[in-house]
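For reference, the structure discussed in these notes is given below.
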Amino acid sequence: MEHRVRKVVIAGGGTAGWTVAAALGKVLGTLLDVTLVESDDIGTVGVGEATIPTMRTFHHLLGIDERDFMRETNATFKLGIAFENWGEVGDRYIHSFGTVGRGNWMGDFQNLWLEAREKGFAGEFGEYCFELQAAEAGRFYTGEKAPTSYAFHLDATAYGQFLRRFSEQYGVRRQEGKIATVDLDGESGDIAALVLESGERIEGDLFIDCTGFRGLLIEDALKTGYEDWTHWLPTDSALAVQTQSVAEPLTYTRAMAHDAGWQWRIPLQHRVGNGLVFCSEYLSDDAARDRLAGNIEGEQLTEPRMIRYRTGRRKSMWTRNCVALGLSSGFIEPLESTSIHLIQIGITRLLKCFPFGGISEPTRDHFNELMIKELECIRDFIVLHYKATERDDSPFWQRCRDMAIPDSLAHRIELFRQSALVHPDPHDLFRVDSWLQVMMGQRMMPQAWHRMGALMTDDQLRGTLVRMKENITRAVGQMPTHQAFIERYCAN
Ligand code: FAD
């Protein structure tokens, strides 16, 4: 077989660029010649600090040592996200990464819980989840015999530098410079080379666009087009600022809804990341600045930075000989910390279908189809957070509550309302437990459920729930505090 795609050029050195460089270098480095072009003058978006558990699988694939990674990125452990003021002002629930309770082959745990709740002896749904209770207690432990489901909060800039050092060990070449133009091949229309401001031409067989929101290659050069999702996900701005820590780091991200969006708080070992996400139609920039300034703790370490975006996706993520990863491929706002996952899953898929013999339409279609299906499932999950609300205290929330939603999501909601069933989609990143925690956390309760709980006596059902809770309480009580564990495991 002729090996036709050998020279890979990565445009952009943010989290996306250095993650794909690390993976191509480590996994296919002996077969490829990889160059990354980035411009220090332009810099990176500088946010993206909360992750989900799939990051651990990706690191494992690359052979990244967790302690080194955490030390170098000042990372903390993350067990979930606390949503405040979403269902109604004053509400709070945690969407944890864990499994809630235990069901059986006939039905998931929510059926038992709903039965017990109707009979008046169920605790809160989250009381039956180990990770959620550990998060509430500020405790953490991981080890061979502790299958905790966790992710990280990390310093995005430090993560980029960590991945750069990692990539360079595996032969990835870094080229500093601003890309001035993208040269297309006159005959095929493929990208032939990136031309830097210095005049240098960087030729390649396959180009990876990691240039951020602009999409210098996939959009400016190849005119792929963008599918806009702002009618479902209306926020378009974020104001980010870093502050000093005032307390030991929490094991969860805080996502605090306000009357025109929400605010994140992400605890790292050495500081806290904060950001106000908002819809500019309902909140002015000045009001956003005041609101953020009024709701941060600790000394401000950076000037607030405004970031504008348009939610949606590139019509295809692989066009001609260019694959877009990261912000250049689209953006579903950061509410469930899914962007870095999408970069990593995109890379895993690219590795699996790497076009050694030449780029073909079926390969591109296959890649695009998988990416689009996964993106749409994530989109639906995020839209759910805005739709499932009883808030009507502002025009923003009234609009969210009343908006039309994708049919796929409408079907899931209706199914749950009628029967407590959660439709498991094979492309879905989020498991049944995630959908349940968010739906019920935001006051969506089913009218009926599977009566598997009624097959037990009340004492049996009560005893089952009590034992589950006792086991969790005992296990959580034996864990060290998050801070103590970090000090032992990976503190600087
Ligand atoms: P960027 O970081 O913008 O990097 C672009 C790169 O391209 C830079 O190196 C730049 O120098 C280079 N470049 C651009 N133009 C040129 C040129 N002409 N010549 C040379 N180089 C060029 N994700 C999560 O997973 N969790 C989160 O909690 C999270 N929070 C977020 C919050 C906000 C408000 C936003 C906007 C995003 C968030 N994300 C989050 C997404 C996350 O930040 C990105 O997915 C991630 O940082 C990857 O960005 P990127 O590498 O695609 O782009």
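Labels for the structure tokens follow display order: chains A, B, ..., residues from 1 in each chain, ligands from 1.
Residues with any atom within 10 Å of Gly107 (chain A), counting only C-alpha atoms and excluding same-chain neighbours fewer than 6 positions away, are Ala420, Leu421, Trp449, His450, Arg451, Met452 and Gly453 of chain A.
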Keeping only C-alpha atoms, write those residues as a CSV table (one decimal), in the first residue's frame.
```csv
chain,number,residue,atom,x,y,z
A,420,ALA,CA,-39.4,7.6,34.0
A,421,LEU,CA,-37.4,6.0,31.1
A,449,TRP,CA,-42.6,4.6,36.6
A,450,HIS,CA,-41.9,0.8,36.5
A,451,ARG,CA,-43.5,-0.8,39.6
A,452,MET,CA,-40.5,-3.0,40.3
A,453,GLY,CA,-40.4,-1.4,43.8
```
Spatial neighbours of Phe162 (chain A), 8 Å, only C-alpha atoms, chain gap at least 4 places, as a list in words: Phe69, Glu72, Thr73, Ala158 and Phe166 of chain A
I need the residue nearest Val476 (chain A) from this list: A:Asp68, A:Glu144, A:Glu115, A:Glu131. Use only C-alpha atoms for the distance. A:Glu131
Out of A:Phe430, A:Phe367, A:Phe109, A:Trp262, which residue has the shortest atom-to-atom distance to ligand 1 when counting only C-alpha atoms and all ligand atoms? A:Trp262
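The shortest atom-to-atom distance to ligand 1, with only C-alpha atoms and all ligand atoms taken into account, belongs to A:His153 out of A:Lys223, A:His95, A:Arg139, A:His153.
Nearest-residue note for Arg488 (chain A): choosing from A:Tyr282, A:Phe213, A:Phe381, A:Phe140, the minimum distance belongs to A:Phe140, counting only C-alpha atoms.
Of the residues under consideration (A:Phe207, A:Phe77, A:Trp113, A:Phe331), A:Phe331 shows the shortest atom-to-atom contact distance to ligand 1 when counting only C-alpha atoms and all ligand atoms.
Atom pair CA of His60 (chain A) / atom 45 (O, counted along the ligand's line) of ligand 1: separated by 19.9 Å.
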Extract, using only C-alpha atoms, all DNA, RNA and protein residues at most 12 Å from region 368-376 of chain A, discarding same-chain residues fewer than 6 positions from it, and format them as a count of residues only. 49
Interatomic distance (Å, one decimal) between CA of Ile10 (chain A) and CA of Val34 (chain A): 7.5 Å
Between CA of Thr19 (chain A) and atom 50 (P, counted along the ligand's line) of ligand 1, measure the distance and give it in Å to one decimal. 9.7 Å
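Candidate residues A:Leu28, A:Ala137, A:Leu216, A:Ile405 were compared for distance to ligand 1, and the nearest is A:Leu216, using only C-alpha atoms and all ligand atoms.
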Might you pull out every residue within 10 Å of Arg201 (chain A), with only C-alpha atoms counted and same-chain residues fewer than 5 positions away left off, and present them as a ChimeraX atom specification? /A:179,181-183,192-196
Only C-alpha atoms, please: the residues just picked out, written as a tab-separated table (two decimals), in the first residue's frame.
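Result file is selection-v8.tsv:
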```tsv
chain	number	residue	atom	x	y	z
A	179	ILE	CA	-0.28	32.26	9.33
A	181	THR	CA	-2.61	32.92	4.00
A	182	VAL	CA	-3.71	29.40	3.24
A	183	ASP	CA	-2.70	28.21	-0.24
A	192	ALA	CA	-1.45	22.83	-0.25
A	193	ALA	CA	0.41	24.94	2.32
A	194	LEU	CA	0.19	27.49	5.11
A	195	VAL	CA	2.08	30.68	4.28
A	196	LEU	CA	3.47	32.55	7.27
```
Extract the full set of strand (DSSP E or B) residues from region 48-167 of chain A according to DSSP on the backbone, and format it as number ranges by chain. A: 50, 76-78, 80-84, 92-96, 100, 104, 107, 129, 139, 143, 146, 151-153
